[in-house]
Amino acid sequence: MEAVADVLVGLVAALHVYILVLEMFLWQGKRGRAFHGFDAEMARATAPLAANQGLYNGFLAAGLVWGLVAGDPTGFRAQVFFLCCVIVAGVYGAVTANRRILFAQALPGALALTAVLIAR
């Protein structure tokens with residue numbers, strides 16, 4: 001079960017790296033605009049905000065990777081902490097921005113957290 005937990009944590013980390021790239025570097029391109037349905041003007045106007053969000057997603061990914069490579073008990077604690085952060089961010093985003101964030105961010109985080117807690 002520990003291997004399954006590690007894979008799920010790794011997938012959540014990879015998701016947040018993808019979000020970082022999308023929000024920091026691809027926001028004004030076709031993929032970034034299509035993600036939220038923004039036209040070029042809206043993407044340009046919101047690019048600094050998106051880049052800031054992307055940076056935070058990078059911190060979440062870094063924390064999860066740290067949790068994977070650090071020995072226990074630090075690794076376990078880091079995974080639990082950063083997965084809780086992912087879940088809270090996903091729930092908040094679903095309430096304030098778009099409901100699909102609940103399924104795209106909070107649900108994978110919750111599944112990974114459940115696996116981590118069961119495995120340890």
# chains A, B, ... in the order shown; residues from 1 in each chain; ligands from 1
call {"tool": "residues_around", "arguments": {"residues": "stretch 99-114 of chain A", "least_positions_apart": "4", "cutoff": "6 Å", "atoms": "only C-alpha atoms", "output": "NGL selection string"}}
result
:A and (8-9 or 83 or 86-87 or 90-91 or 94)
call {"tool": "write_last_selection", "arguments": {"atoms": "all heavy atoms", "output": "PDB file, in the first residue's frame"}}
result
ATOM      1  N   LEU A   8       0.413   7.903  -5.818  1.00  0.00           N
ATOM      2  CA  LEU A   8      -0.647   8.920  -5.776  1.00  0.00           C
ATOM      3  C   LEU A   8      -0.092  10.286  -5.375  1.00  0.00           C
ATOM      4  O   LEU A   8      -0.458  11.306  -5.964  1.00  0.00           O
ATOM      5  CB  LEU A   8      -1.771   8.489  -4.837  1.00  0.00           C
ATOM      6  CG  LEU A   8      -2.622   7.316  -5.331  1.00  0.00           C
ATOM      7  CD1 LEU A   8      -3.626   6.889  -4.265  1.00  0.00           C
ATOM      8  CD2 LEU A   8      -3.325   7.652  -6.635  1.00  0.00           C
ATOM      9  N   VAL A   9       0.797  10.314  -4.401  1.00  0.00           N
ATOM     10  CA  VAL A   9       1.425  11.576  -4.003  1.00  0.00           C
ATOM     11  C   VAL A   9       2.226  12.137  -5.175  1.00  0.00           C
ATOM     12  O   VAL A   9       2.171  13.337  -5.466  1.00  0.00           O
ATOM     13  CB  VAL A   9       2.306  11.391  -2.748  1.00  0.00           C
ATOM     14  CG1 VAL A   9       3.126  12.646  -2.462  1.00  0.00           C
ATOM     15  CG2 VAL A   9       1.440  11.046  -1.536  1.00  0.00           C
ATOM     16  N   LEU A  83      -0.623  17.593   1.450  1.00  0.00           N
ATOM     17  CA  LEU A  83      -1.877  17.080   0.885  1.00  0.00           C
ATOM     18  C   LEU A  83      -3.080  17.793   1.514  1.00  0.00           C
ATOM     19  O   LEU A  83      -4.055  18.088   0.815  1.00  0.00           O
ATOM     20  CB  LEU A  83      -1.976  15.567   1.059  1.00  0.00           C
ATOM     21  CG  LEU A  83      -1.056  14.756   0.153  1.00  0.00           C
ATOM     22  CD1 LEU A  83      -1.014  13.301   0.589  1.00  0.00           C
ATOM     23  CD2 LEU A  83      -1.469  14.880  -1.308  1.00  0.00           C
ATOM     24  N   VAL A  86      -3.337  21.006  -0.283  1.00  0.00           N
ATOM     25  CA  VAL A  86      -3.929  20.790  -1.606  1.00  0.00           C
ATOM     26  C   VAL A  86      -5.449  20.686  -1.493  1.00  0.00           C
ATOM     27  O   VAL A  86      -6.197  21.289  -2.274  1.00  0.00           O
ATOM     28  CB  VAL A  86      -3.340  19.517  -2.265  1.00  0.00           C
ATOM     29  CG1 VAL A  86      -4.176  19.058  -3.450  1.00  0.00           C
ATOM     30  CG2 VAL A  86      -1.896  19.742  -2.677  1.00  0.00           C
ATOM     31  N   ILE A  87      -5.916  19.935  -0.519  1.00  0.00           N
ATOM     32  CA  ILE A  87      -7.354  19.738  -0.339  1.00  0.00           C
ATOM     33  C   ILE A  87      -8.033  21.054   0.018  1.00  0.00           C
ATOM     34  O   ILE A  87      -9.065  21.417  -0.566  1.00  0.00           O
ATOM     35  CB  ILE A  87      -7.625  18.656   0.732  1.00  0.00           C
ATOM     36  CG1 ILE A  87      -7.126  17.303   0.231  1.00  0.00           C
ATOM     37  CG2 ILE A  87      -9.112  18.599   1.087  1.00  0.00           C
ATOM     38  CD1 ILE A  87      -7.004  16.249   1.310  1.00  0.00           C
ATOM     39  N   GLY A  90      -8.129  23.257  -2.982  1.00  0.00           N
ATOM     40  CA  GLY A  90      -9.111  22.760  -3.937  1.00  0.00           C
ATOM     41  C   GLY A  90     -10.537  23.067  -3.530  1.00  0.00           C
ATOM     42  O   GLY A  90     -11.361  23.465  -4.357  1.00  0.00           O
ATOM     43  N   VAL A  91     -10.843  22.901  -2.257  1.00  0.00           N
ATOM     44  CA  VAL A  91     -12.188  23.219  -1.769  1.00  0.00           C
ATOM     45  C   VAL A  91     -12.445  24.713  -1.883  1.00  0.00           C
ATOM     46  O   VAL A  91     -13.505  25.144  -2.357  1.00  0.00           O
ATOM     47  CB  VAL A  91     -12.384  22.717  -0.316  1.00  0.00           C
ATOM     48  CG1 VAL A  91     -13.659  23.260   0.295  1.00  0.00           C
ATOM     49  CG2 VAL A  91     -12.367  21.192  -0.283  1.00  0.00           C
ATOM     50  N   ALA A  94     -12.995  25.622  -5.457  1.00  0.00           N
ATOM     51  CA  ALA A  94     -14.300  25.162  -5.924  1.00  0.00           C
ATOM     52  C   ALA A  94     -15.416  26.090  -5.463  1.00  0.00           C
ATOM     53  O   ALA A  94     -16.361  26.356  -6.200  1.00  0.00           O
ATOM     54  CB  ALA A  94     -14.562  23.742  -5.439  1.00  0.00           C
TER      55      ALA A  94
END
call {"tool": "residues_around", "arguments": {"residues": "stretch 62-72 of chain A", "least_positions_apart": "5", "cutoff": "6 Å", "atoms": "only C-alpha atoms", "output": "MDAnalysis selection string"}}
result
chainID A and resid 13 78:79
call {"tool": "write_last_selection", "arguments": {"atoms": "N, CA and C atoms", "output": "PDB file, in the first residue's frame"}}
result
ATOM      1  N   ALA A  13       1.679  15.684  -7.100  1.00  0.00           N
ATOM      2  CA  ALA A  13       2.797  16.619  -7.299  1.00  0.00           C
ATOM      3  C   ALA A  13       2.928  16.970  -8.777  1.00  0.00           C
ATOM      4  N   ALA A  78       5.332  15.647   6.109  1.00  0.00           N
ATOM      5  CA  ALA A  78       5.297  16.602   4.997  1.00  0.00           C
ATOM      6  C   ALA A  78       4.198  16.222   4.006  1.00  0.00           C
ATOM      7  N   GLN A  79       4.076  14.935   3.713  1.00  0.00           N
ATOM      8  CA  GLN A  79       3.021  14.502   2.799  1.00  0.00           C
ATOM      9  C   GLN A  79       1.646  14.850   3.345  1.00  0.00           C
TER      10      GLN A  79
END
call {"tool": "residues_around", "arguments": {"residues": "A:Asn52", "least_positions_apart": "3", "cutoff": "12 Å", "atoms": "only C-alpha atoms", "output": "PyMOL selection string"}}
result
chain A and resi 19-25+27+46-49+55-59
call {"tool": "closest_residue", "arguments": {"among": "A:Ala50, A:Val80, A:Leu11, A:Ala45", "to": "A:Ala119", "atoms": "only C-alpha atoms"}}
result
A:Val80
call {"tool": "atom_distance", "arguments": {"atom1": "atom CA of A:Arg44", "atom2": "atom CA of A:Ala89"}}
result
24.0 Å
call {"tool": "select_by_dssp", "arguments": {"residues": "chain A", "states": "alpha helix (DSSP H)", "output": "JSON, numbers by chain"}}
result
{"A": [2, 3, 4, 5, 6, 7, 8, 9, 10, 11, 12, 13, 14, 15, 16, 17, 18, 19, 20, 21, 22, 23, 24, 30, 31, 32, 33, 34, 35, 36, 40, 41, 42, 43, 44, 45, 46, 47, 48, 49, 50, 51, 52, 53, 54, 55, 56, 57, 58, 59, 60, 61, 62, 63, 64, 65, 66, 67, 68, 69, 74, 75, 76, 77, 78, 79, 80, 81, 82, 83, 84, 85, 86, 87, 88, 89, 90, 91, 92, 93, 94, 95, 96, 100, 101, 107, 108, 109, 110, 111, 112, 113, 114, 115, 116, 117, 118, 119]}
call {"tool": "closest_residue", "arguments": {"among": "A:Leu26, A:Ala34, A:Cys85, A:Ala97", "to": "A:Val12", "atoms": "only C-alpha atoms"}}
result
A:Cys85
